[in-house]
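K.L.:
One structure follows; several queries about it will come next.
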Amino acid sequence: QVQLVESGGGLVQAGGSLRLSCAASGLTFSTYVMGWFRQAPGKEREFVAAINRHGDSPDYADSVKGRSTISRDNAKSTVYLEMNSLKPEDTAVYFCAGRLAVKIGPISSGDQYALWGQGTQVTVSS
């Protein structure tokens with residue numbers, strides 16, 4: 001059974017930091033592009049960051065660029081999202097997602113991802 005399980009969310013003050021983790025199981029992790037998306041109440045899901053199967057060439061949404069770092073540990077089948085200088089507008093449920101690396105298409109598009117975690121809540125207070 002394929003599973004993506006996020007952790008690390010919580011309540012943090014503006015300017016603070018969080019490190020989200022997503023542990024994958026039931027798949028050959030190194031063959032997947034991994035991404036992070038988020039959805040705030042009343043808003044559509046949006047792309048946050050993605051990383052290729054080798055762990056290089058990360059891609060970030062403009063809204064988090066310079067404040068966030070995506071990384072992965074293929075030996076642990078885990079992808080991370082470190083977020084710094086958090087803002088209230090970062091408040092959302094954050095989802096981990098995976099798509100096969102051989103799939104063609106923009107890694108920033110959620111429609112490209114077949115695997116999704118259940119999400120972890122991040123709340124940034126002002």
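We name chains A, B, ... following the order of the structure tokens; residues begin at 1 in each chain, and ligands are numbered from 1 as shown.
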Residues at most 10 Å from Phe37 in chain A, counting only C-alpha atoms, excluding those fewer than 4 positions away in the same chain, as a ChimeraX atom specification?
P.N.:
/A:45-50,61,92-97,108-110,116,119
K.L.:
With DSSP run on the backbone, what are the strand (DSSP E) residues within chain A? I'd like them as a ChimeraX atom specification.
P.N.:
/A:3-7,10-13,18-25,32-39,46-51,59-60,68-73,78-83,92-100,115-116,120-125
K.L.:
Need the shell around Thr120 in chain A: protein/DNA/RNA residues with any atom at most 12 Å away, counting only C-alpha atoms. Skip same-chain ones fewer than 4 positions apart. Format as a VMD selection string?
P.N.:
chain A and resid 4 to 11 18 to 22 36 to 40 81 91 to 96 116
K.L.:
I'd like the neighbourhood of range 62-79 of chain A as a list in words, where a residue qualifies if any of its atoms comes within 6 Å (using only C-alpha atoms), though same-chain residues fewer than 5 positions away should be ignored.
P.N.:
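Contacts, with the query itself left out: Ser21, Cys22, Ala23, Ala24, Phe29, Ser30, Gly55 and Asn84 of chain A.
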K.L.:
I'd like to know which of A:Gln121, A:Ser25, A:Asn52, A:Thr31 is closest to Val2 in chain A, using only C-alpha atoms.
P.N.:
A:Ser25
K.L.:
Please provide the set of residues having any atom within 8 Å of range 112-115 of chain A, restricted to only C-alpha atoms, with same-chain residues fewer than 5 positions apart removed, written as a list in words.
P.N.:
Gln3, Leu4, Ala97, Gly98, Arg99, Leu100, Lys103, Gly105, Pro106 and Ile107 of chain A
K.L.:
Grab the residues selected above and save them as a PDB file, in the first residue's frame with N, CA and C atoms.
P.N.:
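In the end it all went to part_20.pdb:
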```
ATOM      1  N   GLN A   3       1.785   4.961   0.636  1.00  0.00           N
ATOM      2  CA  GLN A   3       1.380   5.982   1.593  1.00  0.00           C
ATOM      3  C   GLN A   3       2.364   7.129   1.612  1.00  0.00           C
ATOM      4  N   LEU A   4       1.827   8.339   1.748  1.00  0.00           N
ATOM      5  CA  LEU A   4       2.617   9.539   2.018  1.00  0.00           C
ATOM      6  C   LEU A   4       2.070  10.113   3.313  1.00  0.00           C
ATOM      7  N   ALA A  97       3.131  15.398  -2.216  1.00  0.00           N
ATOM      8  CA  ALA A  97       2.621  14.704  -3.393  1.00  0.00           C
ATOM      9  C   ALA A  97       3.769  14.070  -4.169  1.00  0.00           C
ATOM     10  N   GLY A  98       3.453  13.023  -4.886  1.00  0.00           N
ATOM     11  CA  GLY A  98       4.475  12.344  -5.668  1.00  0.00           C
ATOM     12  C   GLY A  98       3.989  11.997  -7.063  1.00  0.00           C
ATOM     13  N   ARG A  99       4.888  12.069  -8.015  1.00  0.00           N
ATOM     14  CA  ARG A  99       4.594  11.661  -9.380  1.00  0.00           C
ATOM     15  C   ARG A  99       5.822  10.966  -9.946  1.00  0.00           C
ATOM     16  N   LEU A 100       5.591  10.028 -10.812  1.00  0.00           N
ATOM     17  CA  LEU A 100       6.701   9.320 -11.410  1.00  0.00           C
ATOM     18  C   LEU A 100       7.573  10.285 -12.207  1.00  0.00           C
ATOM     19  N   LYS A 103       7.182  10.854 -15.983  1.00  0.00           N
ATOM     20  CA  LYS A 103       6.004  11.566 -16.481  1.00  0.00           C
ATOM     21  C   LYS A 103       6.425  12.921 -17.012  1.00  0.00           C
ATOM     22  N   GLY A 105       5.639  16.769 -18.000  1.00  0.00           N
ATOM     23  CA  GLY A 105       4.737  17.827 -17.594  1.00  0.00           C
ATOM     24  C   GLY A 105       5.354  18.677 -16.499  1.00  0.00           C
ATOM     25  N   PRO A 106       4.831  19.840 -16.270  1.00  0.00           N
ATOM     26  CA  PRO A 106       5.415  20.742 -15.273  1.00  0.00           C
ATOM     27  C   PRO A 106       5.273  20.193 -13.858  1.00  0.00           C
ATOM     28  N   ILE A 107       6.355  20.203 -13.116  1.00  0.00           N
ATOM     29  CA  ILE A 107       6.316  19.654 -11.752  1.00  0.00           C
ATOM     30  C   ILE A 107       5.606  20.591 -10.790  1.00  0.00           C
TER      31      ILE A 107
END
```
K.L.:
What does the distance between CA of Lys87 in chain A and CA of Tyr60 in chain A come to in Å, to one decimal place?
P.N.:
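Answer for the CA of Lys87 in chain A to CA of Tyr60 in chain A separation: 16.4 Å.
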K.L.:
Would you mind listing what lies within 8 Å of Pro88 in chain A as a ChimeraX atom specification, with only C-alpha atoms counted and same-chain residues fewer than 4 positions away left out?
P.N.:
/A:14,123-126
K.L.:
In Å to one decimal, how far is CA of Asp111 in chain A from CA of Ser85 in chain A?
P.N.:
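Calculated distance between CA of Ser85 in chain A and CA of Asp111 in chain A is 28.7 Å.
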K.L.:
Which one is closest to Glu89 in chain A: A:Val122, A:Ile104, A:Met34, A:Ile51? Count only C-alpha atoms.
P.N.:
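Smallest separation from Glu89 in chain A among the options: A:Val122.
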